[in-house]
>>> print(open('target_5.txt').read())   # compact mmCIF, N, CA and C atoms
# COMPACT_ATOMS: atom_id res chain seq x y z
N MET B 1 124.23 82.87 143.39
CA MET B 1 125.62 82.83 142.97
C MET B 1 126.03 81.38 142.72
N ALA B 2 126.71 81.14 141.59
CA ALA B 2 127.11 79.78 141.22
C ALA B 2 128.25 79.30 142.10
N LYS B 3 128.18 78.04 142.46
CA LYS B 3 129.24 77.43 143.26
C LYS B 3 130.41 77.05 142.37
N ILE B 4 131.61 77.14 142.93
CA ILE B 4 132.80 76.64 142.25
C ILE B 4 133.32 75.49 143.09
N VAL B 5 133.30 74.30 142.53
CA VAL B 5 133.74 73.10 143.22
C VAL B 5 134.76 72.39 142.34
N GLY B 6 135.90 72.09 142.91
CA GLY B 6 136.94 71.38 142.15
C GLY B 6 137.42 72.15 140.93
N GLY B 7 137.33 73.48 140.99
CA GLY B 7 137.79 74.29 139.87
C GLY B 7 136.75 74.50 138.78
N PHE B 8 135.56 73.93 138.96
CA PHE B 8 134.51 74.08 137.96
C PHE B 8 133.35 74.89 138.54
N GLN B 9 132.85 75.80 137.76
CA GLN B 9 131.70 76.59 138.16
C GLN B 9 130.43 75.87 137.72
N ASP B 10 129.43 75.84 138.59
CA ASP B 10 128.15 75.23 138.23
C ASP B 10 127.55 75.99 137.06
N PRO B 11 126.98 75.27 136.08
CA PRO B 11 126.33 75.94 134.95
C PRO B 11 125.01 76.57 135.39
N SER B 12 124.55 77.52 134.60
CA SER B 12 123.27 78.17 134.91
C SER B 12 122.12 77.19 134.70
N SER B 13 120.98 77.51 135.27
CA SER B 13 119.81 76.64 135.09
C SER B 13 119.39 76.60 133.62
N GLU B 14 119.62 77.67 132.88
CA GLU B 14 119.28 77.69 131.45
C GLU B 14 120.16 76.71 130.67
N VAL B 15 121.45 76.70 130.98
CA VAL B 15 122.36 75.78 130.31
C VAL B 15 122.00 74.34 130.65
N LEU B 16 121.69 74.08 131.90
CA LEU B 16 121.31 72.72 132.30
C LEU B 16 120.02 72.28 131.62
N ALA B 17 119.06 73.20 131.49
CA ALA B 17 117.80 72.87 130.81
C ALA B 17 118.05 72.56 129.33
N GLU B 18 118.91 73.32 128.69
CA GLU B 18 119.22 73.08 127.28
C GLU B 18 119.94 71.74 127.11
N ALA B 19 120.88 71.45 128.00
CA ALA B 19 121.60 70.17 127.95
C ALA B 19 120.64 69.01 128.15
N ALA B 20 119.71 69.16 129.10
CA ALA B 20 118.73 68.09 129.35
C ALA B 20 117.86 67.87 128.12
N ALA B 21 117.50 68.95 127.42
CA ALA B 21 116.69 68.82 126.21
C ALA B 21 117.45 68.06 125.12
N VAL B 22 118.73 68.38 124.97
CA VAL B 22 119.55 67.68 123.97
C VAL B 22 119.69 66.21 124.34
N PHE B 23 120.01 65.94 125.61
CA PHE B 23 120.12 64.54 126.04
C PHE B 23 118.79 63.82 125.91
N GLY B 24 117.68 64.54 126.13
CA GLY B 24 116.36 63.95 125.94
C GLY B 24 116.14 63.51 124.50
N LEU B 25 116.55 64.34 123.56
CA LEU B 25 116.44 63.96 122.15
C LEU B 25 117.31 62.74 121.84
N LEU B 26 118.48 62.69 122.44
CA LEU B 26 119.39 61.58 122.19
C LEU B 26 119.06 60.34 123.00
N ALA B 27 118.05 60.44 123.87
CA ALA B 27 117.65 59.29 124.68
C ALA B 27 116.93 58.24 123.85
N SER B 28 116.48 58.60 122.67
CA SER B 28 115.87 57.64 121.76
C SER B 28 116.99 56.86 121.06
N SER B 29 116.96 55.54 121.14
CA SER B 29 118.02 54.76 120.50
C SER B 29 118.02 54.96 118.98
N ALA B 30 116.84 55.18 118.40
CA ALA B 30 116.78 55.42 116.95
C ALA B 30 117.47 56.74 116.59
N ARG B 31 117.18 57.80 117.35
CA ARG B 31 117.82 59.09 117.06
C ARG B 31 119.32 59.04 117.36
N LEU B 32 119.69 58.33 118.41
CA LEU B 32 121.11 58.20 118.72
C LEU B 32 121.83 57.44 117.60
N HIS B 33 121.19 56.42 117.06
CA HIS B 33 121.79 55.66 115.96
C HIS B 33 121.96 56.56 114.73
N ILE B 34 120.96 57.39 114.46
CA ILE B 34 121.05 58.34 113.35
C ILE B 34 122.20 59.31 113.59
N MET B 35 122.30 59.84 114.80
CA MET B 35 123.39 60.77 115.12
C MET B 35 124.75 60.07 114.99
N TRP B 36 124.82 58.81 115.42
CA TRP B 36 126.07 58.05 115.28
C TRP B 36 126.43 57.92 113.81
N ALA B 37 125.46 57.56 112.99
CA ALA B 37 125.72 57.41 111.56
C ALA B 37 126.16 58.74 110.95
N LEU B 38 125.49 59.82 111.31
CA LEU B 38 125.84 61.13 110.76
C LEU B 38 127.17 61.65 111.31
N SER B 39 127.58 61.16 112.47
CA SER B 39 128.88 61.59 112.99
C SER B 39 130.01 60.96 112.18
N GLN B 40 129.67 59.93 111.40
CA GLN B 40 130.66 59.29 110.53
C GLN B 40 130.72 59.96 109.16
N GLY B 41 129.69 60.75 108.83
CA GLY B 41 129.65 61.45 107.55
C GLY B 41 128.23 61.72 107.12
N GLU B 42 128.07 62.62 106.18
CA GLU B 42 126.74 63.02 105.74
C GLU B 42 126.04 61.91 104.96
N SER B 43 124.70 62.02 104.90
CA SER B 43 123.91 60.98 104.24
C SER B 43 122.53 61.52 103.90
N ASP B 44 121.89 60.88 102.94
CA ASP B 44 120.49 61.20 102.68
C ASP B 44 119.61 60.26 103.50
N VAL B 45 118.32 60.56 103.53
CA VAL B 45 117.40 59.82 104.41
C VAL B 45 117.28 58.35 103.99
N THR B 46 117.35 58.06 102.71
CA THR B 46 117.23 56.67 102.25
C THR B 46 118.39 55.83 102.76
N HIS B 47 119.60 56.33 102.62
CA HIS B 47 120.76 55.58 103.11
C HIS B 47 120.77 55.49 104.64
N LEU B 48 120.32 56.55 105.31
CA LEU B 48 120.22 56.49 106.77
C LEU B 48 119.23 55.43 107.21
N ALA B 49 118.07 55.39 106.56
CA ALA B 49 117.05 54.39 106.91
C ALA B 49 117.60 52.98 106.73
N ASP B 50 118.32 52.75 105.62
CA ASP B 50 118.93 51.44 105.39
C ASP B 50 119.97 51.13 106.47
N ARG B 51 120.77 52.11 106.80
CA ARG B 51 121.86 51.89 107.77
C ARG B 51 121.33 51.61 109.17
N VAL B 52 120.33 52.38 109.61
CA VAL B 52 119.84 52.21 110.98
C VAL B 52 118.71 51.19 111.08
N GLY B 53 118.26 50.69 109.93
CA GLY B 53 117.20 49.69 109.94
C GLY B 53 115.84 50.24 110.30
N GLY B 54 115.60 51.50 109.97
CA GLY B 54 114.31 52.13 110.27
C GLY B 54 113.49 52.35 109.02
N ALA B 55 112.22 52.53 109.22
CA ALA B 55 111.33 52.87 108.12
C ALA B 55 111.61 54.30 107.68
N LEU B 56 111.53 54.54 106.39
CA LEU B 56 111.83 55.85 105.84
C LEU B 56 111.04 56.98 106.50
N PRO B 57 109.70 56.83 106.69
CA PRO B 57 108.96 57.92 107.34
C PRO B 57 109.41 58.17 108.79
N ALA B 58 109.74 57.12 109.51
CA ALA B 58 110.18 57.27 110.90
C ALA B 58 111.53 57.98 110.95
N VAL B 59 112.46 57.60 110.10
CA VAL B 59 113.77 58.24 110.07
C VAL B 59 113.61 59.70 109.68
N SER B 60 112.73 59.98 108.74
CA SER B 60 112.44 61.36 108.34
C SER B 60 111.94 62.18 109.52
N GLN B 61 111.04 61.61 110.31
CA GLN B 61 110.51 62.32 111.48
C GLN B 61 111.60 62.56 112.51
N HIS B 62 112.45 61.58 112.75
CA HIS B 62 113.56 61.76 113.69
C HIS B 62 114.49 62.86 113.20
N LEU B 63 114.79 62.87 111.91
CA LEU B 63 115.66 63.91 111.36
C LEU B 63 115.03 65.29 111.50
N ALA B 64 113.72 65.37 111.33
CA ALA B 64 113.03 66.66 111.48
C ALA B 64 113.18 67.18 112.91
N LYS B 65 113.04 66.30 113.89
CA LYS B 65 113.20 66.71 115.30
C LYS B 65 114.64 67.13 115.58
N LEU B 66 115.59 66.36 115.08
CA LEU B 66 117.00 66.69 115.31
C LEU B 66 117.36 68.00 114.61
N LYS B 67 116.78 68.22 113.45
CA LYS B 67 117.04 69.46 112.71
C LYS B 67 116.42 70.65 113.44
N LEU B 68 115.19 70.48 113.91
CA LEU B 68 114.51 71.55 114.64
C LEU B 68 115.30 71.95 115.90
N ALA B 69 115.92 70.98 116.53
CA ALA B 69 116.71 71.24 117.74
C ALA B 69 118.09 71.80 117.42
N GLY B 70 118.44 71.84 116.14
CA GLY B 70 119.74 72.38 115.75
C GLY B 70 120.89 71.39 115.86
N LEU B 71 120.57 70.11 116.03
CA LEU B 71 121.62 69.10 116.13
C LEU B 71 122.06 68.61 114.76
N VAL B 72 121.16 68.72 113.78
CA VAL B 72 121.41 68.24 112.42
C VAL B 72 121.09 69.37 111.46
N ARG B 73 121.83 69.43 110.38
CA ARG B 73 121.54 70.39 109.31
C ARG B 73 121.39 69.62 108.01
N SER B 74 120.91 70.31 106.99
CA SER B 74 120.78 69.65 105.69
C SER B 74 121.12 70.62 104.58
N ARG B 75 121.46 70.04 103.45
CA ARG B 75 121.71 70.82 102.25
C ARG B 75 121.10 70.06 101.08
N ARG B 76 120.77 70.78 100.05
CA ARG B 76 120.17 70.18 98.88
C ARG B 76 121.26 69.71 97.93
N ASP B 77 121.08 68.51 97.38
CA ASP B 77 121.97 67.96 96.35
C ASP B 77 121.07 67.40 95.26
N GLY B 78 120.74 68.23 94.28
CA GLY B 78 119.77 67.82 93.27
C GLY B 78 118.40 67.72 93.92
N ARG B 79 117.80 66.55 93.83
CA ARG B 79 116.48 66.35 94.43
C ARG B 79 116.58 65.78 95.85
N ARG B 80 117.77 65.47 96.29
CA ARG B 80 117.95 64.87 97.61
C ARG B 80 118.33 65.90 98.66
N GLN B 81 117.91 65.64 99.89
CA GLN B 81 118.37 66.40 101.06
C GLN B 81 119.50 65.58 101.68
N ILE B 82 120.62 66.20 101.88
CA ILE B 82 121.76 65.54 102.52
C ILE B 82 121.85 66.08 103.95
N TYR B 83 121.87 65.17 104.91
CA TYR B 83 121.90 65.54 106.33
C TYR B 83 123.31 65.37 106.88
N TYR B 84 123.65 66.24 107.83
CA TYR B 84 124.96 66.19 108.45
C TYR B 84 124.90 66.85 109.82
N VAL B 85 125.90 66.54 110.65
CA VAL B 85 126.04 67.17 111.96
C VAL B 85 127.09 68.25 111.79
N ASP B 86 126.70 69.49 112.06
CA ASP B 86 127.59 70.63 111.83
C ASP B 86 128.31 71.06 113.11
N ASP B 87 128.04 70.42 114.21
CA ASP B 87 128.62 70.82 115.49
C ASP B 87 129.63 69.76 115.94
N PRO B 88 130.93 70.07 115.88
CA PRO B 88 131.93 69.07 116.26
C PRO B 88 131.81 68.61 117.72
N ASP B 89 131.27 69.46 118.59
CA ASP B 89 131.10 69.05 119.99
C ASP B 89 130.05 67.95 120.12
N ILE B 90 128.96 68.06 119.37
CA ILE B 90 127.93 67.01 119.40
C ILE B 90 128.51 65.70 118.85
N VAL B 91 129.28 65.80 117.77
CA VAL B 91 129.93 64.61 117.21
C VAL B 91 130.82 63.96 118.26
N THR B 92 131.57 64.77 118.99
CA THR B 92 132.46 64.25 120.03
C THR B 92 131.67 63.55 121.13
N VAL B 93 130.59 64.18 121.60
CA VAL B 93 129.77 63.59 122.67
C VAL B 93 129.23 62.23 122.24
N VAL B 94 128.68 62.17 121.03
CA VAL B 94 128.08 60.92 120.54
C VAL B 94 129.17 59.85 120.37
N ARG B 95 130.27 60.22 119.75
CA ARG B 95 131.35 59.24 119.53
C ARG B 95 131.94 58.73 120.83
N VAL B 96 132.15 59.62 121.79
CA VAL B 96 132.73 59.20 123.07
C VAL B 96 131.77 58.27 123.81
N MET B 97 130.50 58.67 123.93
CA MET B 97 129.54 57.86 124.68
C MET B 97 129.35 56.48 124.03
N VAL B 98 129.05 56.47 122.75
CA VAL B 98 128.80 55.19 122.08
C VAL B 98 130.09 54.36 122.03
N GLY B 99 131.21 55.02 121.76
CA GLY B 99 132.49 54.31 121.71
C GLY B 99 132.85 53.67 123.04
N GLN B 100 132.68 54.42 124.12
CA GLN B 100 133.00 53.89 125.45
C GLN B 100 132.10 52.70 125.80
N LEU B 101 130.82 52.83 125.54
CA LEU B 101 129.90 51.73 125.87
C LEU B 101 130.15 50.51 124.98
N THR B 102 130.52 50.73 123.74
CA THR B 102 130.87 49.62 122.85
C THR B 102 132.12 48.92 123.35
N ALA B 103 133.11 49.69 123.77
CA ALA B 103 134.35 49.10 124.30
C ALA B 103 134.07 48.29 125.56
N ARG B 104 133.22 48.82 126.43
CA ARG B 104 132.86 48.08 127.66
C ARG B 104 132.16 46.78 127.32
N GLU B 105 131.25 46.86 126.36
CA GLU B 105 130.47 45.68 125.97
C GLU B 105 131.36 44.57 125.42
N THR B 106 132.33 44.96 124.59
CA THR B 106 133.18 43.95 123.96
C THR B 106 134.28 43.44 124.87
N SER B 107 134.64 44.22 125.91
CA SER B 107 135.75 43.79 126.77
C SER B 107 135.28 43.19 128.09
N SER B 108 133.99 43.19 128.34
CA SER B 108 133.52 42.74 129.65
C SER B 108 132.27 41.89 129.51
N ALA B 109 132.18 40.90 130.32
CA ALA B 109 130.99 40.05 130.32
C ALA B 109 130.05 40.43 131.45
N THR B 110 130.26 41.61 132.07
CA THR B 110 129.41 42.03 133.18
C THR B 110 128.05 42.46 132.67
N PRO B 111 127.00 42.31 133.48
CA PRO B 111 125.66 42.71 133.05
C PRO B 111 125.58 44.22 132.81
N ASP B 112 124.60 44.61 132.05
CA ASP B 112 124.40 46.02 131.74
C ASP B 112 123.91 46.74 132.98
N ARG B 113 124.79 47.52 133.60
CA ARG B 113 124.46 48.20 134.86
C ARG B 113 123.38 49.25 134.69
N LEU B 114 123.34 49.92 133.54
CA LEU B 114 122.32 50.95 133.34
C LEU B 114 120.92 50.35 133.32
N ARG B 115 120.76 49.22 132.65
CA ARG B 115 119.44 48.58 132.63
C ARG B 115 119.05 48.07 134.01
N GLU B 116 120.04 47.52 134.72
CA GLU B 116 119.76 47.01 136.06
C GLU B 116 119.35 48.14 136.99
N ALA B 117 119.88 49.33 136.76
CA ALA B 117 119.56 50.48 137.60
C ALA B 117 118.22 51.08 137.23
N GLY B 118 117.61 50.56 136.17
CA GLY B 118 116.29 51.07 135.76
C GLY B 118 116.37 52.33 134.95
N VAL B 119 117.53 52.61 134.36
CA VAL B 119 117.70 53.84 133.56
C VAL B 119 117.24 53.58 132.15
>>> encode(input="target_5.txt", output="structure tokens")
Amino acid sequence: MAKIVGGFQDPSSEVLAEAAAVFGLLASSARLHIMWALSQGESDVTHLADRVGGALPAVSQHLAKLKLAGLVRSRRDGRRQIYYVDDPDIVTVVRVMVGQLTARETSSATPDRLREAGV
């Protein structure tokens, strides 16, 4: 039976496993950068590679993994594949996390606690 603490019910082990898999995919700074770029609007792989500073084949492979996991979708536009994030919740998670860490970085001269913690 799931515990209810502070008004929140513990998620099932299946939900936690799925969340861990999504966070695992986003643990790559390259994939997170791609997700950040796509959270700002759709793009093709060439423009994404230019924006994130990655090699075209590597960005393509990252997009394939994100697409397989259902985090990214694509549509055809002539000969190009246009990639986008179709889940507003994923966009929110990426924007909040990256936005908060960016705000901390620019407003504070404190060392990076996550790196110091070995994360």
>>> residues_around(input="target_5.txt", residues="range 51-67 of chain B", least_positions_apart="5", cutoff="8 Å", atoms="all atoms listed in the file", output="ChimeraX atom specification")
/B:25,30-31,33-34,37,45-46,72-74
>>> closest_residue(input="target_5.txt", among="B:Leu48, B:Ala19, B:Ile82, B:Leu101", to="Met35 in chain B", atoms="only C-alpha atoms")
B:Leu48
>>> axis_aligned_box(input="target_5.txt", around="range 40-45 of chain B", padding_each_side="5 Å", output="JSON")
{"center_x": 124.0, "center_y": 60.7, "center_z": 107.0, "size_x": 23.4, "size_y": 14.7, "size_z": 18.7}
>>> atom_distance(input="target_5.txt", atom1="atom C of Gly70 in chain B", atom2="atom N of Ser29 in chain B")
17.2 Å
>>> select_by_dssp(input="target_5.txt", residues="chain B", states="alpha helix (DSSP H)", output="NGL selection string")
:B and (13-26 or 29-40 or 45-52 or 56-68 or 88-107 or 113-116)
>>> select_by_dssp(input="target_5.txt", residues="chain B", states="strand (DSSP E)", output="PyMOL selection string")
chain B and resi 4-5+8-9+43-44+73-77+80-84
>>> closest_residue(input="target_5.txt", among="B:Leu71, B:Ala17, B:Leu32, B:Leu26", to="Asp89 in chain B", atoms="only C-alpha atoms")
B:Leu71
>>> atom_distance(input="target_5.txt", atom1="atom N of Asp10 in chain B", atom2="atom N of Phe23 in chain B")
18.8 Å
>>> atom_distance(input="target_5.txt", atom1="atom N of Glu18 in chain B", atom2="atom N of Ile90 in chain B")
14.7 Å
